[in-house]
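Dumped start.cif below, it's mmCIF, C-alpha atoms and all ligand atoms:
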data_coords
#
loop_
_atom_site.label_atom_id
_atom_site.label_comp_id
_atom_site.auth_asym_id
_atom_site.auth_seq_id
_atom_site.Cartn_x
_atom_site.Cartn_y
_atom_site.Cartn_z
CA MET M 1 -12.50 -6.76 -13.53
CA SER M 2 -9.93 -5.55 -16.03
CA ARG M 3 -7.72 -2.76 -14.82
CA SER M 4 -5.40 -0.32 -16.48
CA ASP M 5 -1.66 -0.73 -15.87
CA ASP M 6 -1.47 2.92 -14.93
CA PRO M 7 -3.18 3.42 -11.55
CA THR M 8 -3.35 7.24 -11.81
CA ALA M 9 -7.05 7.61 -12.67
CA GLU M 10 -8.12 5.04 -10.08
CA VAL M 11 -6.15 6.50 -7.19
CA THR M 12 -7.19 10.05 -8.12
CA ASP M 13 -10.86 9.08 -8.05
CA LEU M 14 -10.56 7.25 -4.73
CA LEU M 15 -8.74 10.20 -3.13
CA GLN M 16 -11.42 12.62 -4.37
CA GLN M 17 -14.13 10.47 -2.81
CA LEU M 18 -12.28 10.22 0.51
CA ILE M 19 -11.91 14.02 0.60
CA ARG M 20 -15.62 14.50 -0.16
CA ASN M 21 -16.57 12.20 2.73
CA LYS M 22 -15.33 14.97 5.04
CA CYS M 23 -14.37 12.75 7.99
CA VAL M 24 -13.42 15.74 10.12
CA ASN M 25 -12.07 14.81 13.54
CA ASP M 26 -12.36 17.74 15.97
CA GLY M 27 -11.20 15.69 18.94
CA THR M 28 -14.69 14.80 20.21
CA VAL M 29 -15.86 11.19 20.10
CA ALA M 30 -18.96 12.18 18.09
CA SER M 31 -16.86 13.64 15.27
CA GLY M 32 -14.90 11.84 12.52
CA ASP M 33 -17.64 9.44 11.42
CA GLU M 34 -15.01 7.43 9.54
CA LEU M 35 -17.67 4.78 8.86
CA ARG M 36 -18.46 6.64 5.61
CA SER M 37 -14.94 6.15 4.27
CA VAL M 38 -14.84 2.57 5.55
CA ASP M 39 -18.02 1.89 3.53
CA LEU M 40 -16.38 3.49 0.48
CA LEU M 41 -13.21 1.41 0.88
CA ALA M 42 -15.09 -1.80 1.61
CA GLY M 43 -16.98 -1.31 -1.67
CA TYR M 44 -13.76 -0.53 -3.51
CA LEU M 45 -11.98 -3.60 -2.09
CA ALA M 46 -14.94 -5.99 -2.50
CA GLY M 47 -13.64 -9.30 -3.78
CA ALA M 48 -9.99 -8.40 -3.06
CA GLY M 49 -8.80 -10.46 -0.09
CA ASP M 50 -10.74 -10.68 3.19
CA HIS M 51 -11.80 -7.68 5.17
CA GLU M 52 -13.16 -6.96 8.64
CA THR M 53 -14.40 -3.78 10.26
CA TYR M 54 -14.09 -2.69 13.89
CA GLU M 55 -16.26 -0.01 15.51
CA PRO M 56 -15.27 0.75 19.13
CA GLN M 57 -17.61 3.77 19.14
CA PRO M 58 -20.58 4.46 16.83
CA GLY M 59 -19.24 5.66 13.49
CA ARG M 60 -15.56 5.42 14.53
CA THR M 61 -14.92 2.50 12.23
CA SER M 62 -11.65 1.06 10.94
CA LEU M 63 -11.24 -1.45 8.12
CA VAL M 64 -8.67 -4.26 7.96
CA ALA M 65 -8.07 -6.14 4.71
CA ARG M 66 -5.56 -8.96 4.36
CA ILE M 67 -3.95 -11.24 1.84
CA GLU M 68 -2.87 -14.21 3.96
CA GLY M 69 0.69 -15.39 3.39
CA SER M 70 1.51 -19.03 2.72
CA ASP M 71 4.20 -19.17 5.42
CA PRO M 72 3.09 -18.19 8.94
CA THR M 73 6.74 -17.73 9.97
CA ALA M 74 7.48 -15.22 7.18
CA PRO M 75 7.48 -11.52 8.14
CA SER M 76 4.26 -9.59 7.58
CA LEU M 77 3.70 -6.05 6.26
CA LEU M 78 1.05 -3.52 7.23
CA LEU M 79 0.10 -0.58 5.01
CA MET M 80 -1.72 1.82 7.33
CA GLY M 81 -3.56 5.00 6.38
CA HIS M 82 -5.88 7.12 8.48
CA THR M 83 -9.24 8.21 7.09
CA ASP M 84 -9.88 11.18 9.40
CA VAL M 85 -8.75 14.75 8.74
CA VAL M 86 -8.41 17.87 10.88
CA PRO M 87 -10.89 20.80 10.68
CA VAL M 88 -10.36 23.63 8.20
CA ASN M 89 -10.70 27.38 8.28
CA GLU M 90 -12.60 27.79 4.99
CA GLU M 91 -11.73 31.50 4.73
CA GLY M 92 -8.07 30.65 4.23
CA TRP M 93 -8.70 28.34 1.27
CA SER M 94 -8.73 29.30 -2.44
CA ARG M 95 -11.06 26.36 -3.24
CA ASP M 96 -13.74 24.37 -1.43
CA PRO M 97 -11.69 22.16 0.94
CA PHE M 98 -14.14 19.25 0.63
CA ALA M 99 -14.90 19.33 -3.11
CA GLY M 100 -11.86 17.28 -4.14
CA ASP M 101 -11.33 19.46 -7.25
CA LEU M 102 -8.81 18.30 -9.84
CA VAL M 103 -6.99 21.34 -11.27
CA ASP M 104 -3.83 21.24 -13.42
CA GLY M 105 -3.04 17.72 -12.26
CA PHE M 106 -3.50 18.54 -8.56
CA VAL M 107 -6.23 17.14 -6.31
CA TRP M 108 -7.30 19.80 -3.81
CA GLY M 109 -8.83 19.24 -0.40
CA ARG M 110 -8.39 18.59 3.30
CA GLY M 111 -6.40 15.37 3.62
CA ALA M 112 -4.67 15.61 0.22
CA VAL M 113 -1.28 15.23 1.93
CA ASP M 114 -2.37 14.26 5.48
CA MET M 115 -2.90 11.50 4.61
CA LEU M 116 -5.81 10.48 2.37
CA ASN M 117 -3.32 10.49 -0.54
CA LEU M 118 -1.51 7.54 1.04
CA THR M 119 -4.67 5.89 2.39
CA ALA M 120 -6.01 5.91 -1.21
CA SER M 121 -2.78 4.77 -2.86
CA GLN M 122 -2.36 1.92 -0.36
CA ALA M 123 -5.91 0.71 -1.08
CA VAL M 124 -5.28 0.84 -4.84
CA ALA M 125 -1.98 -1.05 -4.46
CA PHE M 126 -3.70 -3.67 -2.29
CA ARG M 127 -6.50 -4.10 -4.85
CA ARG M 128 -4.00 -4.38 -7.74
CA LEU M 129 -2.01 -7.02 -5.87
CA ALA M 130 -5.15 -9.02 -5.05
CA ASP M 131 -6.40 -8.78 -8.65
CA SER M 132 -3.06 -9.98 -9.96
CA GLY M 133 -3.35 -13.16 -7.88
CA PHE M 134 -0.51 -12.11 -5.54
CA LYS M 135 0.39 -15.11 -3.33
CA PRO M 136 2.98 -13.88 -0.86
CA ARG M 137 4.87 -15.93 1.72
CA GLY M 138 4.28 -13.25 4.35
CA THR M 139 0.87 -11.72 5.07
CA LEU M 140 -0.06 -8.31 3.64
CA ILE M 141 -2.48 -6.19 5.69
CA TYR M 142 -4.16 -2.92 4.74
CA LEU M 143 -5.58 -0.86 7.59
CA ALA M 144 -7.76 2.20 7.01
CA VAL M 145 -7.76 3.53 10.53
CA ALA M 146 -9.97 6.03 12.37
CA ASP M 147 -9.05 8.73 14.87
CA GLU M 148 -5.35 9.27 14.11
CA GLU M 149 -5.80 13.01 14.47
CA ALA M 150 -6.92 12.73 18.13
CA LEU M 151 -4.21 10.48 19.61
CA GLY M 152 -5.50 7.24 18.04
CA THR M 153 -7.85 6.61 20.97
CA TRP M 154 -10.56 4.91 18.83
CA GLY M 155 -8.11 3.86 16.10
CA ALA M 156 -4.64 2.34 16.19
CA HIS M 157 -4.30 2.53 19.98
CA TRP M 158 -7.63 0.76 20.53
CA LEU M 159 -7.05 -1.83 17.79
CA LEU M 160 -3.64 -2.86 19.12
CA ASP M 161 -5.06 -3.14 22.65
CA HIS M 162 -8.20 -5.11 21.66
CA GLU M 163 -7.64 -6.74 18.26
CA ARG M 164 -3.90 -7.20 18.13
CA ASP M 165 -4.02 -10.42 16.08
CA ALA M 166 -6.05 -8.69 13.38
CA VAL M 167 -3.87 -5.62 12.97
CA TYR M 168 -0.33 -6.41 14.12
CA ALA M 169 2.43 -6.87 11.56
CA ASP M 170 6.22 -7.08 11.81
CA TYR M 171 6.72 -4.16 9.43
CA VAL M 172 4.57 -1.05 9.15
CA LEU M 173 4.46 1.72 6.56
CA THR M 174 2.40 4.84 7.26
CA GLU M 175 2.76 8.63 6.95
CA SER M 176 4.70 10.68 6.09
CA GLY M 177 8.14 11.43 4.53
CA GLY M 178 9.30 10.57 1.03
CA HIS M 179 9.16 14.10 -0.36
CA GLN M 180 12.11 14.78 -2.65
CA MET M 181 14.84 16.93 -1.10
CA PRO M 182 17.13 18.09 -3.91
CA THR M 183 20.89 17.81 -3.25
CA PRO M 184 23.92 18.10 -5.57
CA ASN M 185 24.07 14.28 -5.47
CA GLY M 186 20.45 13.70 -6.51
CA PRO M 187 17.19 13.74 -4.59
CA ARG M 188 17.15 12.49 -1.01
CA LEU M 189 13.99 10.82 0.28
CA PRO M 190 13.49 11.09 4.04
CA VAL M 191 12.28 7.95 5.80
CA LEU M 192 10.78 8.84 9.17
CA VAL M 193 12.45 6.27 11.38
CA ALA M 194 11.67 7.97 14.69
CA GLU M 195 9.28 10.53 16.06
CA LYS M 196 9.39 13.03 18.85
CA GLY M 197 7.45 12.49 22.04
CA THR M 198 4.73 14.75 23.37
CA TYR M 199 4.78 16.21 26.85
CA TRP M 200 1.55 18.21 26.75
CA THR M 201 1.33 20.40 29.79
CA LYS M 202 -1.35 22.39 31.60
CA ILE M 203 -0.18 25.24 33.78
CA ARG M 204 -2.67 26.60 36.31
CA VAL M 205 -1.95 30.12 37.47
CA HIS M 206 -3.66 31.40 40.60
CA GLY M 207 -4.41 34.94 41.75
CA THR M 208 -6.72 36.78 44.13
CA PRO M 209 -10.08 38.08 42.86
CA GLY M 210 -10.93 41.75 43.22
CA HIS M 211 -12.68 44.69 41.60
CA GLY M 212 -11.31 45.67 38.20
CA SER M 213 -11.70 49.35 39.08
CA GLN M 214 -8.89 49.11 41.69
CA PRO M 215 -5.97 47.18 40.16
CA TYR M 216 -3.22 48.77 42.28
CA ARG M 217 -1.02 46.04 43.92
CA THR M 218 -3.47 43.24 43.13
CA ASP M 219 -2.56 39.63 42.41
CA ASN M 220 -3.96 39.23 38.89
CA ALA M 221 -3.69 35.67 37.54
CA LEU M 222 -3.79 36.88 33.94
CA VAL M 223 -0.81 39.19 34.47
CA THR M 224 1.16 36.32 36.02
CA ALA M 225 0.09 34.01 33.16
CA ALA M 226 1.34 36.57 30.63
CA GLU M 227 4.75 36.46 32.31
CA VAL M 228 4.69 32.64 32.26
CA VAL M 229 3.97 32.72 28.50
CA ARG M 230 6.72 35.30 27.93
CA ARG M 231 9.31 33.20 29.78
CA ILE M 232 8.39 30.05 27.87
CA SER M 233 8.53 31.81 24.50
CA GLU M 234 11.93 33.31 25.28
CA TYR M 235 13.43 30.06 26.59
CA ARG M 236 16.32 29.01 24.35
CA PRO M 237 17.56 25.50 25.13
CA GLN M 238 20.65 24.34 23.26
CA ALA M 239 20.48 22.20 20.11
CA GLN M 240 20.84 18.44 20.76
CA ILE M 241 22.96 16.77 18.08
CA HIS M 242 21.53 13.24 18.36
CA ASP M 243 22.28 10.20 16.16
CA ALA M 244 19.25 10.47 13.84
CA TRP M 245 20.18 14.10 13.16
CA LYS M 246 23.83 13.23 12.41
CA LEU M 247 22.72 10.58 9.89
CA PHE M 248 20.31 13.03 8.27
CA VAL M 249 22.96 15.76 7.87
CA ALA M 250 25.49 13.26 6.50
CA GLY M 251 22.95 12.00 3.96
CA MET M 252 21.98 15.46 2.71
CA GLY M 253 25.51 16.27 1.46
CA PHE M 254 25.43 19.97 2.39
CA ASP M 255 28.62 21.98 1.78
CA ASP M 256 31.34 21.56 4.40
CA GLU M 257 30.64 24.79 6.24
CA LEU M 258 26.90 24.24 6.63
CA THR M 259 27.50 20.61 7.61
CA ARG M 260 29.93 21.69 10.32
CA MET M 261 27.56 24.35 11.66
CA LEU M 262 24.56 21.98 11.70
CA LEU M 263 26.54 19.51 13.82
CA ASP M 264 27.84 22.10 16.29
CA PRO M 265 25.36 23.06 19.04
CA ASP M 266 27.10 26.44 19.46
CA GLN M 267 26.79 27.38 15.79
CA PHE M 268 23.47 25.75 15.06
CA ASP M 269 21.32 28.86 15.50
CA ASP M 270 23.60 30.85 13.17
CA ALA M 271 23.20 28.16 10.51
CA LEU M 272 19.39 28.44 10.69
CA ARG M 273 19.42 32.19 10.11
CA ASP M 274 20.31 31.85 6.41
CA LEU M 275 17.92 28.99 5.58
CA PRO M 276 14.35 29.39 4.19
CA VAL M 277 11.99 29.64 7.16
CA GLY M 278 10.12 26.37 6.53
CA ILE M 279 13.37 24.41 6.49
CA ALA M 280 14.84 26.33 9.44
CA ARG M 281 11.70 25.62 11.48
CA HIS M 282 11.93 21.92 10.68
CA PHE M 283 15.66 21.67 11.43
CA HIS M 284 15.10 23.51 14.71
CA ALA M 285 12.32 21.10 15.73
CA CYS M 286 14.52 18.11 14.82
CA THR M 287 17.22 19.20 17.27
CA HIS M 288 15.38 20.89 20.12
CA THR M 289 12.90 20.13 22.83
CA THR M 290 10.23 22.62 21.73
CA PHE M 291 7.81 24.61 23.89
CA SER M 292 4.80 26.29 22.29
CA PRO M 293 2.21 28.00 24.54
CA ASN M 294 -0.97 27.58 22.48
CA VAL M 295 -4.08 27.88 24.66
CA ALA M 296 -5.13 30.28 27.44
CA HIS M 297 -8.38 30.20 29.38
CA GLY M 298 -9.03 32.76 32.07
CA GLY M 299 -11.04 35.68 33.34
CA THR M 300 -14.80 35.99 33.63
CA LYS M 301 -15.78 39.64 33.26
CA THR M 302 -14.21 42.98 32.35
CA ASN M 303 -14.58 44.36 35.89
CA VAL M 304 -13.34 41.28 37.76
CA ILE M 305 -9.65 40.67 38.48
CA PRO M 306 -9.17 37.00 37.56
CA ASP M 307 -8.12 34.49 40.20
CA LYS M 308 -7.30 31.65 37.81
CA VAL M 309 -5.93 31.15 34.32
CA GLU M 310 -5.16 27.85 32.67
CA LEU M 311 -2.49 27.62 29.96
CA GLU M 312 -1.77 24.70 27.63
CA VAL M 313 1.75 24.24 26.33
CA ASP M 314 2.68 21.87 23.49
CA ILE M 315 6.05 20.41 24.53
CA ARG M 316 7.83 17.94 22.21
CA THR M 317 10.67 15.74 23.43
CA LEU M 318 13.61 14.31 21.48
CA PRO M 319 14.66 10.66 21.12
CA GLY M 320 16.23 9.48 24.35
CA GLN M 321 14.70 12.27 26.40
CA SER M 322 12.53 11.42 29.41
CA GLY M 323 9.56 13.28 30.82
CA ALA M 324 11.71 14.18 33.83
CA HIS M 325 14.11 15.91 31.44
CA ALA M 326 11.29 17.95 29.90
CA ALA M 327 9.94 18.81 33.36
CA ALA M 328 13.36 20.10 34.44
CA MET M 329 13.60 22.26 31.31
CA LEU M 330 10.15 23.72 31.94
CA ARG M 331 11.14 24.61 35.50
CA GLU M 332 14.28 26.25 34.18
CA ALA M 333 12.20 28.29 31.71
CA LEU M 334 9.74 29.40 34.41
CA GLY M 335 12.37 30.32 37.02
CA ASP M 336 10.83 31.48 40.31
CA LEU M 337 7.31 31.19 38.83
CA ALA M 338 7.68 27.39 38.71
CA ASP M 339 6.97 27.34 42.46
CA VAL M 340 3.77 29.39 42.33
CA VAL M 341 1.95 27.63 39.49
CA GLU M 342 0.47 24.12 39.22
CA ILE M 343 1.96 21.99 36.45
CA ASP M 344 0.20 18.92 35.07
CA SER M 345 1.85 17.01 32.20
CA ASN M 346 1.12 13.95 30.09
CA ASP M 347 4.29 12.13 29.02
CA ASP M 348 4.07 10.20 25.72
CA GLY M 349 7.72 9.54 24.90
CA SER M 350 9.61 9.49 21.62
CA THR M 351 9.71 6.22 19.62
CA GLY M 352 12.04 4.93 16.91
CA SER M 353 12.92 1.94 14.74
CA PRO M 354 16.37 0.70 13.68
CA LEU M 355 17.73 1.25 10.16
CA ASP M 356 19.32 -2.14 9.56
CA THR M 357 16.08 -3.94 8.71
CA PRO M 358 14.68 -5.82 5.70
CA LEU M 359 12.05 -3.07 5.35
CA TRP M 360 14.73 -0.39 4.92
CA ASP M 361 16.55 -2.53 2.34
CA SER M 362 13.32 -3.18 0.51
CA LEU M 363 12.45 0.53 0.39
CA ALA M 364 15.96 1.32 -0.85
CA ARG M 365 15.67 -1.20 -3.71
CA THR M 366 12.19 -0.16 -4.80
CA THR M 367 12.64 3.61 -4.59
CA ALA M 368 15.88 3.44 -6.58
CA GLN M 369 13.79 2.05 -9.46
CA LEU M 370 10.87 4.47 -9.11
CA CYS M 371 12.84 7.66 -8.49
CA GLU M 372 16.04 7.64 -10.48
CA GLY M 373 19.26 8.79 -8.81
CA SER M 374 17.54 9.05 -5.41
CA ALA M 375 18.71 7.72 -2.07
CA LEU M 376 16.96 7.27 1.27
CA ILE M 377 17.94 9.23 4.34
CA PRO M 378 16.74 8.55 7.88
CA SER M 379 14.79 11.43 9.35
CA LEU M 380 12.95 12.41 12.52
CA MET M 381 9.20 13.04 12.49
CA VAL M 382 8.62 16.13 14.62
CA GLY M 383 4.89 15.44 15.05
CA GLY M 384 3.24 12.19 16.08
CA THR M 385 1.76 9.32 14.04
CA ASP M 386 0.15 5.94 14.71
CA ASN M 387 3.61 4.40 14.21
CA ARG M 388 4.30 4.99 17.89
CA PHE M 389 1.76 2.35 18.95
CA TYR M 390 3.25 -0.22 16.59
CA ARG M 391 6.83 0.51 17.62
CA ARG M 392 5.86 0.06 21.28
CA ALA M 393 4.12 -3.21 20.34
CA GLY M 394 7.38 -4.48 18.82
CA ALA M 395 7.04 -3.68 15.11
CA VAL M 396 9.46 -1.81 12.85
CA GLY M 397 7.53 1.26 11.69
CA TYR M 398 8.61 3.84 9.13
CA GLY M 399 6.87 6.93 7.80
CA PHE M 400 7.16 7.05 4.03
CA GLY M 401 5.35 7.66 0.75
CA LEU M 402 6.62 8.98 -2.55
CA PHE M 403 6.16 12.44 -3.96
CA SER M 404 7.04 13.89 -7.33
CA GLU M 405 9.25 16.94 -7.61
CA ARG M 406 6.11 19.04 -8.15
CA VAL M 407 5.63 18.99 -4.36
CA ALA M 408 8.36 21.25 -2.95
CA TYR M 409 9.29 20.66 0.68
CA GLU M 410 8.39 24.24 1.69
CA ASP M 411 4.83 23.81 0.35
CA TYR M 412 4.49 20.26 1.65
CA ALA M 413 5.31 21.23 5.24
CA LYS M 414 2.94 24.21 5.20
CA MET M 415 0.01 22.14 3.90
CA PHE M 416 -0.10 19.78 6.91
CA HIS M 417 -3.14 21.01 8.88
CA GLY M 418 -2.83 24.24 6.81
CA ASN M 419 -4.68 25.94 3.96
CA ASP M 420 -4.85 24.92 0.29
CA GLU M 421 -3.81 21.30 0.86
CA ARG M 422 -3.25 19.57 -2.50
CA VAL M 423 -1.29 16.78 -4.14
CA ASP M 424 -0.33 16.09 -7.73
CA GLN M 425 -1.40 12.96 -9.59
CA GLU M 426 2.17 11.88 -10.32
CA SER M 427 2.78 11.65 -6.55
CA LEU M 428 -0.34 9.49 -6.24
CA ARG M 429 0.90 7.22 -9.02
CA LEU M 430 4.39 6.94 -7.51
CA SER M 431 3.06 6.02 -4.05
CA THR M 432 0.77 3.36 -5.50
CA MET M 433 3.67 1.81 -7.44
CA LEU M 434 5.85 1.98 -4.32
CA TRP M 435 3.45 0.05 -2.04
CA GLU M 436 2.95 -2.57 -4.70
CA ALA M 437 6.69 -2.96 -5.28
CA VAL M 438 7.56 -3.12 -1.56
CA ALA M 439 4.90 -5.76 -0.90
CA ARG M 440 6.24 -7.88 -3.77
CA ASP M 441 9.86 -7.37 -2.66
CA LEU M 442 9.44 -7.87 1.09
CA LEU M 443 6.80 -10.60 1.25
CA ALA M 444 7.82 -12.76 -1.72
ZN ZN R 1 -1.74 12.31 9.37
#
What is this file in structure tokens?
Ligand SMILES: [Zn+2]
Amino acid sequence: MSRSDDPTAEVTDLLQQLIRNKCVNDGTVASGDELRSVDLLAGYLAGAGDHETYEPQPGRTSLVARIEGSDPTAPSLLLMGHTDVVPVNEEGWSRDPFAGDLVDGFVWGRGAVDMLNLTASQAVAFRRLADSGFKPRGTLIYLAVADEEALGTWGAHWLLDHERDAVYADYVLTESGGHQMPTPNGPRLPVLVAEKGTYWTKIRVHGTPGHGSQPYRTDNALVTAAEVVRRISEYRPQAQIHDAWKLFVAGMGFDDELTRMLLDPDQFDDALRDLPVGIARHFHACTHTTFSPNVAHGGTKTNVIPDKVELEVDIRTLPGQSGAHAAAMLREALGDLADVVEIDSNDDGSTGSPLDTPLWDSLARTTAQLCEGSALIPSLMVGGTDNRFYRRAGAVGYGFGLFSERVAYEDYAKMFHGNDERVDQESLRLSTMLWEAVARDLLA
């Protein structure tokens, strides 16, 4: 097959098809149905390297394609993209979220930045390398993985537990990062070298049932739960100025005053006040254990005083922080109520990779060519990605991609799991060129 040197049209088309496949993962095992996008990608990659598929549950399929290296001792590289997306609220969208419309150079649709854009560009880079007769020393693997949006249970987690030889690599590139952050010294490109842990918590609040017509001096579980929620939302732990944050601030080259304030736990909150809200929210999450009460279930009937309410709180821990640390903070937030509620938490700790690695050096060399005047900065992912499974398995995993300056950070952050998700074609082209260049640089 003859292919154009410019991958833009090819990657745009593949992304549109992935969006239209609508592999919506609502957290249930019957959702996702990533098999459709695996079929699409298997067709697209036919004849390019070897590929295998794995299906731990009906329809929850992942695809692994590889170009075997000539030297089994040389380091290997995995390009990993998930094929599932989160549900949408169609009312909030200006266009059909699953039509994959191309408007003014932007592809619209659920998954356009999280992360079908990268899944598509990695596949196109892999195909271009295979077509060019790429014969690396180290093995190149492409993994289109299912179920990232529901803790990787039937995706990366399962594959590393059951098919490690097929999917493990020394170096891993997956979402997200790489959006251009303008500074006086040129754009900075965040590489997500670590991610926060989750400490998802259920709080069961008990009360005594009674008749809703006589509420005087009753023990109403919903009223107690409201106080629990209020205390959590008003809890203000201090900023933690950890190493990854110090490196990020140093790399951004802010003016002296802002730099000083962002490194001082006592002045940190004042520094946030003057920043745009999207950036302030991100900087806050990078430096704090966060507590967000997001679900409440309770009560049965208007005239019944409820005797139980269950709350779910999304707690995110920082690098170096244990579950015991998060538990102590939660008790501090709840005060005397900590002793009258039941707390049940699931600790999935923070993970990180070092910076002094061949993968970092390779990214630095290749991005300097693709994005003039730019420099990499290490950054903390405040959500979770499949990188955590690879880091725990011993790999170096970074979150990266490349975006053009048409994708402003404020918009980019809002589009993750939000409305009107879209990506421009120049970003798709840049990411494709990046994966190709890194594979050639690192595996040669
Ligand atoms: Zn994602």
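Nearest to Pro184 of chain M of all the residues M:Val29, M:Arg95, M:Met252, M:Leu318 is M:Met252, counting all atoms listed in the file.
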Cut-off 9 Å, all atoms listed in the file, neighbours of ligand ZN 1 (chain R) as an NGL selection string:
:M and (81-86 or 111 or 113-116 or 148-149 or 174-176 or 384-386 or 416-417)
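Counting from atom CA of Ser94 of chain M, the distance to atom CA of Val145 of chain M is 28.9 Å.
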One number please: atom CA of Gln238 of chain M to atom CA of Thr287 of chain M, in Å, one decimal.
8.6 Å
One number please: atom CA of Gly32 of chain M to atom CA of Ile315 of chain M, in Å, one decimal.
25.6 Å
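Excluding Leu189 of chain M and any residue on its chain fewer than 5 positions from it, the residues at most 7 Å away by only C-alpha atoms are Gly178, His179, Gln180, Met181, Ser374, Ala375, Leu376 and Ile377 of chain M.
Using only C-alpha atoms, the nearest neighbour of Ser233 of chain M within the list M:Ala364, M:Ser292, M:Asp33, M:Glu310 is M:Ser292.
Distance annotation: of M:Thr366, M:Asn419, M:Thr73, M:Thr290, the residue with the minimal separation from Ala437 of chain M is M:Thr366; atom set is all atoms listed in the file.
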Smallest atom-to-atom distance to Ile19 of chain M: which of M:Tyr171, M:Trp158, M:Tyr398, M:Phe98, using only C-alpha atoms?
M:Phe98
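Using only C-alpha atoms, the nearest neighbour of Val438 of chain M within the list M:Ser31, M:Ser132, M:Gln425, M:Gln122 is M:Gln122.
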Counting only C-alpha atoms, which residues in segment 109-178 of chain M sit no more than 7 Å from segment 67-70 of chain M? For each one, give the nearest pair of atoms and the distance in Å, sorted by chain then residue number, as a Markdown table.
| residue | atom | partner | partner_atom | distance |
| --- | --- | --- | --- | --- |
| M:Lys135 | CA | M:Gly69 | CA | 6.7 |
| M:Pro136 | CA | M:Gly69 | CA | 5.1 |
| M:Arg137 | CA | M:Gly69 | CA | 4.5 |
| M:Gly138 | CA | M:Gly69 | CA | 4.3 |
| M:Thr139 | CA | M:Gly69 | CA | 4.0 |
| M:Leu140 | CA | M:Ile67 | CA | 5.2 |
| M:Ile141 | CA | M:Ile67 | CA | 6.5 |
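The smallest atom-to-atom distance between Asp420 of chain M and any of M:Asn294, M:Asn89, M:Thr302, M:Asn387, using all atoms listed in the file, is found for M:Asn89.
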Would you be able to write out as a PDB file with C-alpha atoms, in the frame of the given file which residues have an atom within 8 Å of (-1.8, 21.8, -4.1) in the file's coordinates, counting only C-alpha atoms?
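Result went into out20.pdb, see below:
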ATOM      1  CA  PHE M 106      -3.500  18.540  -8.560  1.00  0.00           C
ATOM      2  CA  VAL M 107      -6.230  17.140  -6.310  1.00  0.00           C
ATOM      3  CA  TRP M 108      -7.300  19.800  -3.810  1.00  0.00           C
ATOM      4  CA  VAL M 407       5.630  18.990  -4.360  1.00  0.00           C
ATOM      5  CA  ASP M 420      -4.850  24.920   0.290  1.00  0.00           C
ATOM      6  CA  GLU M 421      -3.810  21.300   0.860  1.00  0.00           C
ATOM      7  CA  ARG M 422      -3.250  19.570  -2.500  1.00  0.00           C
ATOM      8  CA  VAL M 423      -1.290  16.780  -4.140  1.00  0.00           C
ATOM      9  CA  ASP M 424      -0.330  16.090  -7.730  1.00  0.00           C
TER      10      ASP M 424
END
Step by step, gather every atom of segment 240-250 of chain M that the file lists, find the box along x, y and z that holds them, add 6 Å on each side, and finally give centre and edge lengths in Å to one decimal, as lines of an AutoDock Vina configuration file.
center_x = 22.4
center_y = 14.3
center_z = 13.6
size_x = 18.2
size_y = 20.2
size_z = 26.3
Sphere at (17.1, -3.2, 9.0), radius 12 Å, counting only C-alpha atoms: residues as an mmCIF file with C-alpha atoms, in the frame of the given file:
data_model
loop_
_atom_site.group_PDB
_atom_site.id
_atom_site.type_symbol
_atom_site.label_atom_id
_atom_site.label_comp_id
_atom_site.auth_asym_id
_atom_site.auth_seq_id
_atom_site.Cartn_x
_atom_site.Cartn_y
_atom_site.Cartn_z
ATOM 1 C CA ASP M 170 6.220 -7.080 11.810
ATOM 2 C CA TYR M 171 6.720 -4.160 9.430
ATOM 3 C CA VAL M 193 12.450 6.270 11.380
ATOM 4 C CA SER M 353 12.920 1.940 14.740
ATOM 5 C CA PRO M 354 16.370 0.700 13.680
ATOM 6 C CA LEU M 355 17.730 1.250 10.160
ATOM 7 C CA ASP M 356 19.320 -2.140 9.560
ATOM 8 C CA THR M 357 16.080 -3.940 8.710
ATOM 9 C CA PRO M 358 14.680 -5.820 5.700
ATOM 10 C CA LEU M 359 12.050 -3.070 5.350
ATOM 11 C CA TRP M 360 14.730 -0.390 4.920
ATOM 12 C CA ASP M 361 16.550 -2.530 2.340
ATOM 13 C CA SER M 362 13.320 -3.180 0.510
ATOM 14 C CA LEU M 363 12.450 0.530 0.390
ATOM 15 C CA ALA M 364 15.960 1.320 -0.850
ATOM 16 C CA PRO M 378 16.740 8.550 7.880
ATOM 17 C CA ALA M 395 7.040 -3.680 15.110
ATOM 18 C CA VAL M 396 9.460 -1.810 12.850
ATOM 19 C CA GLY M 397 7.530 1.260 11.690
ATOM 20 C CA TYR M 398 8.610 3.840 9.130
ATOM 21 C CA LEU M 442 9.440 -7.870 1.090
#
If you count all atoms listed in the file, which residues fall within 10 Å of segment 325-339 of chain M, apart from same-chain ones fewer than 6 positions away, as a ChimeraX atom specification?
/M:198-199,201,203,205,224-225,227-237,289-291,315-318,345,347
Near-Pro58 of chain M list (10 Å; all atoms listed in the file; drop same-chain fewer than 2 positions) as a count of residues only:
9
What's the 10 Å shell around Leu41 of chain M, counting only C-alpha atoms, without same-chain residues fewer than 3 positions away, as a ChimeraX atom specification?
/M:14,17-18,35-38,44-46,63,65,119-120,123-124,144
